[in-house]
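my_file_26.pdb (PDB, C-alpha atoms and all ligand atoms) appears below.
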```
ATOM      1  CA  MET A   1       0.000   0.000   0.000
ATOM      2  CA  ASN A   2       1.545   3.269  -1.070
ATOM      3  CA  ASN A   3       1.166   5.984   1.564
ATOM      4  CA  LEU A   4       2.710   8.695  -0.572
ATOM      5  CA  LYS A   5       0.071  10.926  -2.114
ATOM      6  CA  PRO A   6       1.651  13.375  -4.539
ATOM      7  CA  CYS A   7      -0.731  15.545  -6.584
ATOM      8  CA  SER A   8      -1.964  13.777  -9.715
ATOM      9  CA  HIS A   9      -0.603  16.479 -12.042
ATOM     10  CA  THR A  10       2.916  16.323 -10.548
ATOM     11  CA  LYS A  11       3.158  12.575  -9.955
ATOM     12  CA  ARG A  12       4.794  11.898 -13.296
ATOM     13  CA  TRP A  13       7.444  14.567 -12.802
ATOM     14  CA  LEU A  14       8.604  14.250  -9.183
ATOM     15  CA  PRO A  15      10.920  11.226  -9.747
ATOM     16  CA  LEU A  16      12.548  13.134 -12.626
ATOM     17  CA  LEU A  17      12.895  16.242 -10.445
ATOM     18  CA  VAL A  18      14.752  14.176  -7.841
ATOM     19  CA  LYS A  19      17.017  12.752 -10.539
ATOM     20  CA  GLY A  20      17.817  16.273 -11.767
ATOM     21  CA  ARG A  21      16.411  15.600 -15.223
ATOM     22  CA  LEU A  22      13.989  18.499 -15.452
ATOM     23  CA  HIS A  23      14.683  21.925 -16.918
ATOM     24  CA  GLY A  24      12.952  25.159 -17.824
ATOM     25  CA  ILE A  25       9.394  25.984 -16.979
ATOM     26  CA  VAL A  26       8.498  22.484 -15.730
ATOM     27  CA  LEU A  27      11.303  22.643 -13.173
ATOM     28  CA  TRP A  28      10.344  26.168 -12.161
ATOM     29  CA  TYR A  29       6.673  25.242 -11.740
ATOM     30  CA  LEU A  30       7.388  22.108  -9.709
ATOM     31  CA  ARG A  31       9.705  23.958  -7.340
ATOM     32  CA  MET A  32       7.027  26.562  -6.752
ATOM     33  CA  HIS A  33       4.386  23.888  -6.241
ATOM     34  CA  VAL A  34       6.446  21.752  -3.877
ATOM     35  CA  LYS A  35       7.118  24.753  -1.614
ATOM     36  CA  ARG A  36       3.451  24.956  -0.725
ATOM     37  CA  CYS A  37       2.381  21.310  -1.031
ATOM     38  CA  ASN A  38       3.049  18.983   1.883
ATOM     39  CA  ASN A  39       2.118  15.811   0.006
ATOM     40  CA  CYS A  40       4.548  16.505  -2.823
ATOM     41  CA  THR A  41       7.244  17.530  -0.336
ATOM     42  CA  GLU A  42       6.854  14.242   1.506
ATOM     43  CA  ALA A  43       6.966  12.316  -1.775
ATOM     44  CA  ILE A  44      10.128  14.137  -2.830
ATOM     45  CA  GLU A  45      11.868  13.414   0.467
ATOM     46  CA  ALA A  46      11.070   9.717   0.206
ATOM     47  CA  LEU A  47      12.074   9.577  -3.472
ATOM     48  CA  ARG A  48      15.327  11.337  -2.578
ATOM     49  CA  ALA A  49      16.082   8.841   0.211
ATOM     50  CA  ALA A  50      15.671   5.973  -2.259
ATOM     51  CA  GLU A  51      17.757   7.799  -4.863
ATOM     52  CA  GLU A  52      20.610   8.366  -2.390
ATOM     53  CA  CYS A  53      20.674   4.656  -1.542
ATOM     54  CA  ILE A  54      20.731   3.721  -5.235
ATOM     55  CA  ALA A  55      23.643   6.128  -5.761
ATOM     56  CA  ALA A  56      25.480   4.621  -2.782
ATOM     57  CA  ALA A  57      25.046   1.118  -4.212
ATOM     58  CA  GLN A  58      26.262   2.241  -7.640
ATOM     59  CA  GLN A  59      29.286   3.960  -6.123
ATOM     60  CA  ALA A  60      30.238   0.935  -4.004
ATOM     61  CA  SER A  61      29.951  -1.461  -6.935
ATOM     62  CA  ARG A  62      32.858   0.240  -8.710
ATOM     63  CA  ASN A  63      35.372  -1.158  -6.220
ATOM     64  CA  GLY A  64      36.015  -4.875  -6.270
ATOM     65  CA  PRO A  65      37.405  -7.744  -8.313
ATOM     66  CA  GLY A  66      36.437  -8.204 -11.953
ATOM     67  CA  GLU A  67      36.772 -11.987 -11.696
ATOM     68  CA  LEU A  68      35.375 -14.759  -9.580
ATOM     69  CA  SER A  69      37.643 -16.479  -7.042
ATOM     70  CA  SER A  70      39.838 -19.219  -8.521
ATOM     71  CA  ASP A  71      37.843 -22.080  -6.961
ATOM     72  CA  ARG A  72      34.587 -20.717  -8.332
ATOM     73  CA  MET A  73      36.171 -20.211 -11.753
ATOM     74  CA  ALA A  74      37.441 -23.820 -11.720
ATOM     75  CA  THR A  75      33.931 -25.083 -10.960
ATOM     76  CA  LEU A  76      32.511 -23.077 -13.842
ATOM     77  CA  GLU A  77      35.230 -24.116 -16.284
ATOM     78  CA  ASP A  78      34.570 -27.778 -15.464
ATOM     79  CA  LEU A  79      30.883 -27.239 -15.987
ATOM     80  CA  PHE A  80      31.298 -25.487 -19.335
ATOM     81  CA  ARG A  81      33.756 -28.160 -20.532
ATOM     82  CA  GLU A  82      31.899 -31.231 -19.322
ATOM     83  CA  GLY A  83      28.357 -29.938 -19.266
ATOM     84  CA  GLN A  84      27.980 -31.156 -15.683
ATOM     85  CA  PRO A  85      28.891 -29.350 -12.442
ATOM     86  CA  ASN A  86      31.455 -31.136 -10.251
ATOM     87  CA  ASP A  87      30.934 -29.370  -6.965
ATOM     88  CA  ALA A  88      28.507 -26.620  -7.864
ATOM     89  CA  GLN A  89      26.098 -25.877  -5.055
TER
ATOM     90  CA  MET B   1      -4.149 -33.795 -72.814
ATOM     91  CA  PRO B   2      -4.729 -35.858 -69.604
ATOM     92  CA  LEU B   3      -1.429 -37.597 -70.302
ATOM     93  CA  LEU B   4       0.365 -34.227 -70.416
ATOM     94  CA  GLU B   5      -1.244 -33.108 -67.121
ATOM     95  CA  LEU B   6      -0.092 -36.335 -65.474
ATOM     96  CA  PHE B   7       3.426 -35.743 -66.748
ATOM     97  CA  ASP B   8       3.388 -32.125 -65.407
ATOM     98  CA  GLY B   9       2.270 -33.387 -61.997
ATOM     99  CA  TRP B  10       5.126 -35.920 -61.769
ATOM    100  CA  TRP B  11       7.607 -33.294 -62.867
ATOM    101  CA  LEU B  12       6.483 -30.924 -60.082
ATOM    102  CA  PHE B  13       6.570 -33.719 -57.498
ATOM    103  CA  ALA B  14      10.109 -34.689 -58.502
ATOM    104  CA  PHE B  15      11.231 -31.051 -58.356
ATOM    105  CA  VAL B  16       9.897 -30.593 -54.777
ATOM    106  CA  ILE B  17      11.604 -33.792 -53.584
ATOM    107  CA  CYS B  18      14.944 -32.675 -55.079
ATOM    108  CA  ALA B  19      14.577 -29.194 -53.566
ATOM    109  CA  ILE B  20      13.941 -30.604 -50.056
ATOM    110  CA  ASP B  21      16.924 -32.878 -50.424
ATOM    111  CA  THR B  22      19.223 -29.974 -51.280
ATOM    112  CA  ILE B  23      18.284 -27.788 -48.204
ATOM    113  CA  PRO B  24      21.464 -27.675 -46.121
ATOM    114  CA  GLN B  25      21.052 -29.688 -42.912
ATOM    115  CA  ALA B  26      22.815 -26.909 -40.990
ATOM    116  CA  ALA B  27      20.005 -24.510 -41.908
ATOM    117  CA  ILE B  28      17.363 -26.877 -40.524
ATOM    118  CA  GLY B  29      19.349 -27.495 -37.358
ATOM    119  CA  ALA B  30      20.175 -23.776 -36.835
ATOM    120  CA  VAL B  31      16.925 -23.248 -34.942
ATOM    121  CA  SER B  32      18.396 -23.505 -31.424
ATOM    122  CA  ARG B  33      18.815 -27.269 -31.208
ATOM    123  CA  PRO B  34      20.133 -27.804 -27.653
ATOM    124  CA  ALA B  35      22.793 -30.286 -28.853
ATOM    125  CA  ASP B  36      24.468 -27.522 -30.912
ATOM    126  CA  ARG B  37      24.950 -25.223 -27.929
ATOM    127  CA  SER B  38      28.575 -25.504 -26.980
ATOM    128  CA  GLY B  39      30.076 -24.745 -23.584
ATOM    129  CA  GLU B  40      32.881 -22.921 -25.386
ATOM    130  CA  LYS B  41      30.615 -20.221 -26.753
ATOM    131  CA  TYR B  42      28.891 -19.779 -23.399
ATOM    132  CA  ALA B  43      32.240 -19.699 -21.529
ATOM    133  CA  ALA B  44      33.437 -16.861 -23.785
ATOM    134  CA  LEU B  45      30.286 -14.894 -23.019
ATOM    135  CA  ALA B  46      30.612 -15.592 -19.283
ATOM    136  CA  LYS B  47      34.183 -14.275 -19.316
ATOM    137  CA  GLU B  48      33.125 -11.134 -21.165
ATOM    138  CA  LEU B  49      30.224 -10.446 -18.802
ATOM    139  CA  MET B  50      32.047 -11.348 -15.571
ATOM    140  CA  PRO B  51      33.203  -7.833 -14.461
ATOM    141  CA  ARG B  52      29.769  -6.382 -15.187
ATOM    142  CA  LEU B  53      27.986  -9.212 -13.364
ATOM    143  CA  LEU B  54      30.234  -8.843 -10.304
ATOM    144  CA  ALA B  55      29.590  -5.093 -10.210
ATOM    145  CA  SER B  56      25.842  -5.772 -10.454
ATOM    146  CA  ALA B  57      26.027  -8.277  -7.610
ATOM    147  CA  ARG B  58      27.902  -5.747  -5.451
ATOM    148  CA  ARG B  59      25.081  -3.284  -5.986
ATOM    149  CA  LEU B  60      22.734  -5.818  -4.435
ATOM    150  CA  THR B  61      24.895  -6.863  -1.497
ATOM    151  CA  SER B  62      27.833  -5.454   0.464
ATOM    152  CA  ASP B  63      28.996  -9.005   1.276
ATOM    153  CA  SER B  64      31.703  -9.866  -1.286
ATOM    154  CA  ASP B  65      31.363 -13.648  -0.824
ATOM    155  CA  LYS B  66      27.628 -13.377  -1.342
ATOM    156  CA  ALA B  67      28.227 -11.309  -4.490
ATOM    157  CA  GLN B  68      30.515 -14.015  -5.861
ATOM    158  CA  ASP B  69      27.956 -16.713  -5.033
ATOM    159  CA  LEU B  70      25.241 -14.758  -6.839
ATOM    160  CA  VAL B  71      27.349 -14.493 -10.005
ATOM    161  CA  GLN B  72      28.407 -18.131  -9.925
ATOM    162  CA  ASP B  73      24.855 -19.358  -9.382
ATOM    163  CA  ALA B  74      23.526 -17.091 -12.147
ATOM    164  CA  LEU B  75      26.153 -18.341 -14.606
ATOM    165  CA  ILE B  76      25.329 -21.969 -13.773
ATOM    166  CA  LYS B  77      21.624 -21.305 -14.146
ATOM    167  CA  GLY B  78      22.308 -19.475 -17.409
ATOM    168  CA  PHE B  79      24.304 -22.409 -18.772
ATOM    169  CA  GLU B  80      21.508 -24.828 -17.970
ATOM    170  CA  ALA B  81      18.983 -22.540 -19.654
ATOM    171  CA  TYR B  82      21.287 -22.067 -22.661
ATOM    172  CA  ARG B  83      21.827 -25.792 -23.099
ATOM    173  CA  ALA B  84      18.105 -26.418 -22.816
ATOM    174  CA  GLY B  85      17.423 -23.846 -25.547
ATOM    175  CA  ASN B  86      15.726 -21.421 -23.143
ATOM    176  CA  LEU B  87      18.341 -18.669 -23.244
ATOM    177  CA  GLU B  88      19.631 -16.889 -26.338
ATOM    178  CA  LEU B  89      22.981 -15.070 -26.239
ATOM    179  CA  THR B  90      21.526 -11.799 -27.466
ATOM    180  CA  ASP B  91      22.859  -8.264 -27.019
ATOM    181  CA  TRP B  92      20.604  -7.762 -23.998
ATOM    182  CA  VAL B  93      21.373 -11.109 -22.316
ATOM    183  CA  ILE B  94      23.008  -9.196 -19.436
ATOM    184  CA  GLY B  95      19.508  -8.256 -18.306
ATOM    185  CA  TRP B  96      18.622 -11.940 -17.941
ATOM    186  CA  PHE B  97      21.537 -12.475 -15.530
ATOM    187  CA  ILE B  98      20.796  -9.308 -13.548
ATOM    188  CA  ARG B  99      17.216 -10.411 -13.224
ATOM    189  CA  VAL B 100      18.226 -13.873 -11.986
ATOM    190  CA  MET B 101      20.694 -12.445  -9.431
ATOM    191  CA  SER B 102      18.357  -9.785  -8.077
ATOM    192  CA  ASN B 103      15.430 -12.185  -7.763
ATOM    193  CA  ALA B 104      17.587 -14.791  -6.016
ATOM    194  CA  HIS B 105      19.063 -12.275  -3.573
ATOM    195  CA  LEU B 106      15.992 -10.203  -2.842
ATOM    196  CA  ASN B 107      13.731 -13.227  -2.477
ATOM    197  CA  SER B 108      16.179 -14.678   0.056
ATOM    198  CA  ILE B 109      16.117 -11.380   2.017
ATOM    199  CA  ARG B 110      12.341 -11.457   1.894
ATOM    200  CA  ARG B 111      12.242 -15.023   3.246
ATOM    201  CA  GLU B 112      14.885 -14.440   5.944
ATOM    202  CA  THR B 113      13.373 -11.197   7.163
ATOM    203  CA  ARG B 114       9.846 -12.514   7.276
ATOM    204  CA  ARG B 115      11.077 -15.524   9.229
ATOM    205  CA  ALA B 116      12.986 -13.341  11.690
ATOM    206  CA  THR B 117      10.656 -10.410  12.255
ATOM    207  CA  GLY B 118       7.441 -11.018  10.392
ATOM    208  CA  GLU B 119       7.749  -7.554   8.855
ATOM    209  CA  LEU B 120      10.153  -6.192   6.292
ATOM    210  CA  THR B 121       9.685  -2.506   7.040
ATOM    211  CA  SER B 122      10.491  -2.926  10.743
ATOM    212  CA  GLU B 123      13.770  -4.524   9.665
ATOM    213  CA  ILE B 124      14.622  -1.506   7.494
ATOM    214  CA  GLU B 125      13.874   0.795  10.400
ATOM    215  CA  ALA B 126      16.044  -1.342  12.655
ATOM    216  CA  THR B 127      18.952  -0.967  10.212
ATOM    217  CA  LEU B 128      18.684   2.785  10.471
ATOM    218  CA  ALA B 129      17.850   3.004  14.158
ATOM    219  CA  ASP B 130      21.222   1.402  14.910
ATOM    220  CA  SER B 131      23.068   4.307  13.308
ATOM    221  CA  ASP B 132      23.727   7.519  15.194
ATOM    222  CA  PRO B 133      22.820  10.346  12.793
ATOM    223  CA  LYS B 134      24.424  13.046  14.942
ATOM    224  CA  SER B 135      27.852  11.560  14.400
ATOM    225  CA  ARG B 136      27.447  11.840  10.615
ATOM    226  CA  PRO B 137      26.813  15.393   9.576
ATOM    227  CA  ASP B 138      27.188  14.760   5.842
ATOM    228  CA  HIS B 139      25.184  11.570   5.444
ATOM    229  CA  TRP B 140      22.034  10.345   7.087
ATOM    230  CA  ILE B 141      23.547   6.860   7.287
ATOM    231  CA  GLU B 142      26.761   5.213   6.146
ATOM    232  CA  PRO B 143      26.931   4.032   2.504
ATOM    233  CA  GLN B 144      26.979   0.393   3.557
ATOM    234  CA  GLU B 145      23.836   0.915   5.612
ATOM    235  CA  GLN B 146      22.263   2.658   2.636
ATOM    236  CA  ARG B 147      22.988  -0.395   0.466
ATOM    237  CA  GLU B 148      21.466  -2.694   3.052
ATOM    238  CA  ALA B 149      18.448  -0.445   3.420
ATOM    239  CA  LEU B 150      18.046  -0.400  -0.367
ATOM    240  CA  ALA B 151      18.173  -4.202  -0.635
ATOM    241  CA  ARG B 152      15.617  -4.542   2.153
ATOM    242  CA  ALA B 153      13.387  -1.895   0.611
ATOM    243  CA  LEU B 154      13.594  -3.601  -2.806
ATOM    244  CA  ALA B 155      12.670  -6.870  -1.141
ATOM    245  CA  THR B 156       9.362  -5.343  -0.034
ATOM    246  CA  LEU B 157       8.317  -4.569  -3.635
ATOM    247  CA  SER B 158       6.369  -6.792  -5.998
ATOM    248  CA  GLU B 159       8.556  -8.648  -8.488
ATOM    249  CA  ASP B 160       7.371  -6.431 -11.386
ATOM    250  CA  HIS B 161       8.295  -3.235  -9.558
ATOM    251  CA  ARG B 162      11.543  -4.567  -8.189
ATOM    252  CA  GLU B 163      12.790  -5.813 -11.558
ATOM    253  CA  VAL B 164      12.166  -2.564 -13.375
ATOM    254  CA  ILE B 165      13.899  -0.537 -10.623
ATOM    255  CA  VAL B 166      16.905  -2.867 -10.642
ATOM    256  CA  LEU B 167      17.239  -2.874 -14.427
ATOM    257  CA  VAL B 168      16.648   0.821 -15.147
ATOM    258  CA  ASP B 169      17.554   2.783 -11.998
ATOM    259  CA  LEU B 170      20.191   0.580 -10.410
ATOM    260  CA  GLU B 171      21.781  -0.954 -13.526
ATOM    261  CA  GLU B 172      21.009   1.934 -15.845
ATOM    262  CA  LEU B 173      19.884  -0.253 -18.748
ATOM    263  CA  SER B 174      18.130   1.632 -21.534
ATOM    264  CA  TYR B 175      14.332   1.434 -21.650
ATOM    265  CA  ASP B 176      14.661  -0.636 -24.833
ATOM    266  CA  ASP B 177      16.974  -3.199 -23.207
ATOM    267  CA  ALA B 178      14.823  -3.346 -20.074
ATOM    268  CA  ALA B 179      11.745  -3.904 -22.254
ATOM    269  CA  ALA B 180      13.512  -6.687 -24.184
ATOM    270  CA  THR B 181      14.671  -8.311 -20.934
ATOM    271  CA  LEU B 182      11.226  -8.194 -19.366
ATOM    272  CA  GLY B 183       9.414  -9.063 -22.596
ATOM    273  CA  VAL B 184       7.091  -6.054 -22.366
ATOM    274  CA  PRO B 185       6.613  -2.914 -24.532
ATOM    275  CA  VAL B 186       8.736   0.168 -23.761
ATOM    276  CA  GLY B 187       5.585   2.063 -22.735
ATOM    277  CA  THR B 188       4.942  -0.564 -20.052
ATOM    278  CA  VAL B 189       8.488  -0.106 -18.736
ATOM    279  CA  ARG B 190       7.900   3.658 -18.428
ATOM    280  CA  SER B 191       4.573   3.419 -16.616
ATOM    281  CA  ARG B 192       5.689   0.528 -14.418
ATOM    282  CA  LEU B 193       8.878   2.397 -13.518
ATOM    283  CA  ASN B 194       6.972   5.436 -12.282
ATOM    284  CA  ARG B 195       4.774   3.308 -10.027
ATOM    285  CA  ALA B 196       7.795   1.311  -8.866
ATOM    286  CA  ARG B 197       9.720   4.458  -7.911
ATOM    287  CA  TYR B 198       6.874   5.550  -5.649
ATOM    288  CA  ALA B 199       6.586   2.056  -4.188
ATOM    289  CA  LEU B 200      10.309   2.073  -3.385
ATOM    290  CA  ALA B 201      10.122   5.607  -1.983
ATOM    291  CA  ASP B 202       7.192   4.517   0.174
ATOM    292  CA  ALA B 203       9.396   1.861   1.766
ATOM    293  CA  PHE B 204      11.755   4.682   2.828
ATOM    294  CA  ARG B 205       8.987   6.940   4.126
ATOM    295  CA  PRO B 206       9.084   5.683   7.738
ATOM    296  CA  LEU B 207      12.783   6.541   7.804
ATOM    297  CA  LEU B 208      12.433  10.208   6.932
ATOM    298  CA  THR B 209      12.460  11.236  10.590
ATOM    299  CA  HIS B 210      15.989   9.811  10.779
ATOM    300  CA  MET B 211      16.997  11.932   7.812
ATOM    301  CA  GLU B 212      15.542  15.078   9.360
ATOM    302  CA  ILE B 213      17.536  14.486  12.553
ATOM    303  CA  ALA B 214      20.682  14.033  10.493
ATOM    304  CA  GLN B 215      20.282  17.207   8.432
TER
HETATM  305 ZN    ZN C 301       1.367  18.664  -4.713
END
```
I'd like the structure from this file rewritten - as structure tokens, please.
Ligand SMILES: [Zn+2]
Amino acid sequence: MNNLKPCSHTKRWLPLLVKGRLHGIVLWYLRMHVKRCNNCTEAIEALRAAEECIAAAQQASRNGPGELSSDRMATLEDLFREGQPNDAQ
Amino acid sequence: MPLLELFDGWWLFAFVICAIDTIPQAAIGAVSRPADRSGEKYAALAKELMPRLLASARRLTSDSDKAQDLVQDALIKGFEAYRAGNLELTDWVIGWFIRVMSNAHLNSIRRETRRATGELTSEIEATLADSDPKSRPDHWIEPQEQREALARALATLSEDHREVIVLVDLEELSYDDAAATLGVPVGTVRSRLNRARYALADAFRPLLTHMEIAQ
């Protein structure tokens, strides 16, 4: 059940506003609207919280190995060669 | 005259038989016969996709062993599907693997959390309640906690909503590739994505008080 209740005419645009993808008069109007609309403000805060977590996950994913561990690779190579897993879980 | 018609009929019959006989067998067998699907071709694809798949798995979990397990399991599942003729090595095949990994991981979170607490949202709140916002002026919670909160929030969504968020917002696939992966029109991706973004945001709504304290 979604408890966020943004106005019907802004609903389509708020996620894009949070992502910084709006420009010009649409951006100007939404900023003006949000200032005096509690429902849209609450929706924007929640959308922004989700967006920040997505950005954190994307940032973190950039650090780490580009290959599986050698034992996992060996299992896969056996599987691809033989067509049957040896010790795959 | 009847004799000529009979002759014409035999001539046509003979022509069709010869034509069928000359169709290359490879062309008939080219329609995804499982026996033709070599491990070599799949292994080359797996190697090419490996860094991308590992990065995708790390977006879902901060546990590096778990990320490796997700990739290995997805590649095994993919090989089985490929051999069975249920997976084509298309340009957008990456979406298939991302979908498999995210469903496996988020469904396991859903099961574990329900078993432990009975409620997913209370678990998300617990993740955040453990952090002390006052000690972090720049962020409402640490990045690792944000990743965990995201995974738990995604686990509360319906599969349709979760998949479109993972593919488009988290993995940044194009709408076209997401549509091809999900087997739906691009317009459906757009409308489903908007609803999914609000559903995800709604999972974060109870946590906004924590953010306000932190700011
Ligand atoms: Zn409003």
Need to verify the contact set: B:His161, 12 Å, only C-alpha atoms, exclusion of same-chain residues closer than 5 positions in sequence. Can you return it as a ChimeraX atom specification?
/B:103,153-156,166-169,182,188-201
Distance query B:Asp91 at most 12 Å, only C-alpha atoms, self and fewer than 3 positions along chain excluded, as an MDAnalysis selection string:
chainID B and resid 45 49 87:88 94:96 173 176:178 180:181
Output of the above residues as a CSV table (one decimal), in the frame of the given file, restricted to C-alpha atoms:
```csv
chain,number,residue,atom,x,y,z
B,45,LEU,CA,30.3,-14.9,-23.0
B,49,LEU,CA,30.2,-10.4,-18.8
B,87,LEU,CA,18.3,-18.7,-23.2
B,88,GLU,CA,19.6,-16.9,-26.3
B,94,ILE,CA,23.0,-9.2,-19.4
B,95,GLY,CA,19.5,-8.3,-18.3
B,96,TRP,CA,18.6,-11.9,-17.9
B,173,LEU,CA,19.9,-0.3,-18.7
B,176,ASP,CA,14.7,-0.6,-24.8
B,177,ASP,CA,17.0,-3.2,-23.2
B,178,ALA,CA,14.8,-3.3,-20.1
B,180,ALA,CA,13.5,-6.7,-24.2
B,181,THR,CA,14.7,-8.3,-20.9
```
I need the residue set behind the PyMOL selection byres (((not hetatm)) within 8 of (chain C and resi 301)) for this file; please write it as a ChimeraX atom specification.
/A:6-10,33-34,36-41
What does the structure give for the distance between atom CA of B:Met50 and atom CA of B:Ser102, in Å to one decimal?
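Separation between atom CA of B:Met50 and atom CA of B:Ser102: 15.7 Å.
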Find the distance between atom CA of A:Ala55 and atom CA of B:Pro51 and write it in Å to one decimal.
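We find that atom CA of A:Ala55 and atom CA of B:Pro51 lie 19.0 Å from each other.
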Kindly extract all protein, DNA and RNA residues lying within 8 Å of the coordinates (33.7, -20.5, -17.6) given in the file, considering all atoms listed in the file, and supply them as an NGL selection string.
(:A and (73-74 or 76-80)) or (:B and (42-44 or 46-47))
Evaluated on this file, the ChimeraX specification (/A :<6) & /B picks out some residues - which ones are they, written as JSON, numbers by chain?
{"B": [39, 51, 55, 58, 59, 143, 146, 147, 150, 201, 202, 204, 205]}
Suppose you want the space between atom CA of B:Arg110 and atom CA of B:Leu70; what is it in Å?
15.9 Å
Emit as lines of an AutoDock Vina configuration file the padded axis-aligned box for all listed atoms of stretch 188-199 of chain B, 3 Å per side, with centre and edge lengths in Å to one decimal.
```
center_x = 7.1
center_y = 2.5
center_z = -12.1
size_x = 11.1
size_y = 12.1
size_z = 21.9
```
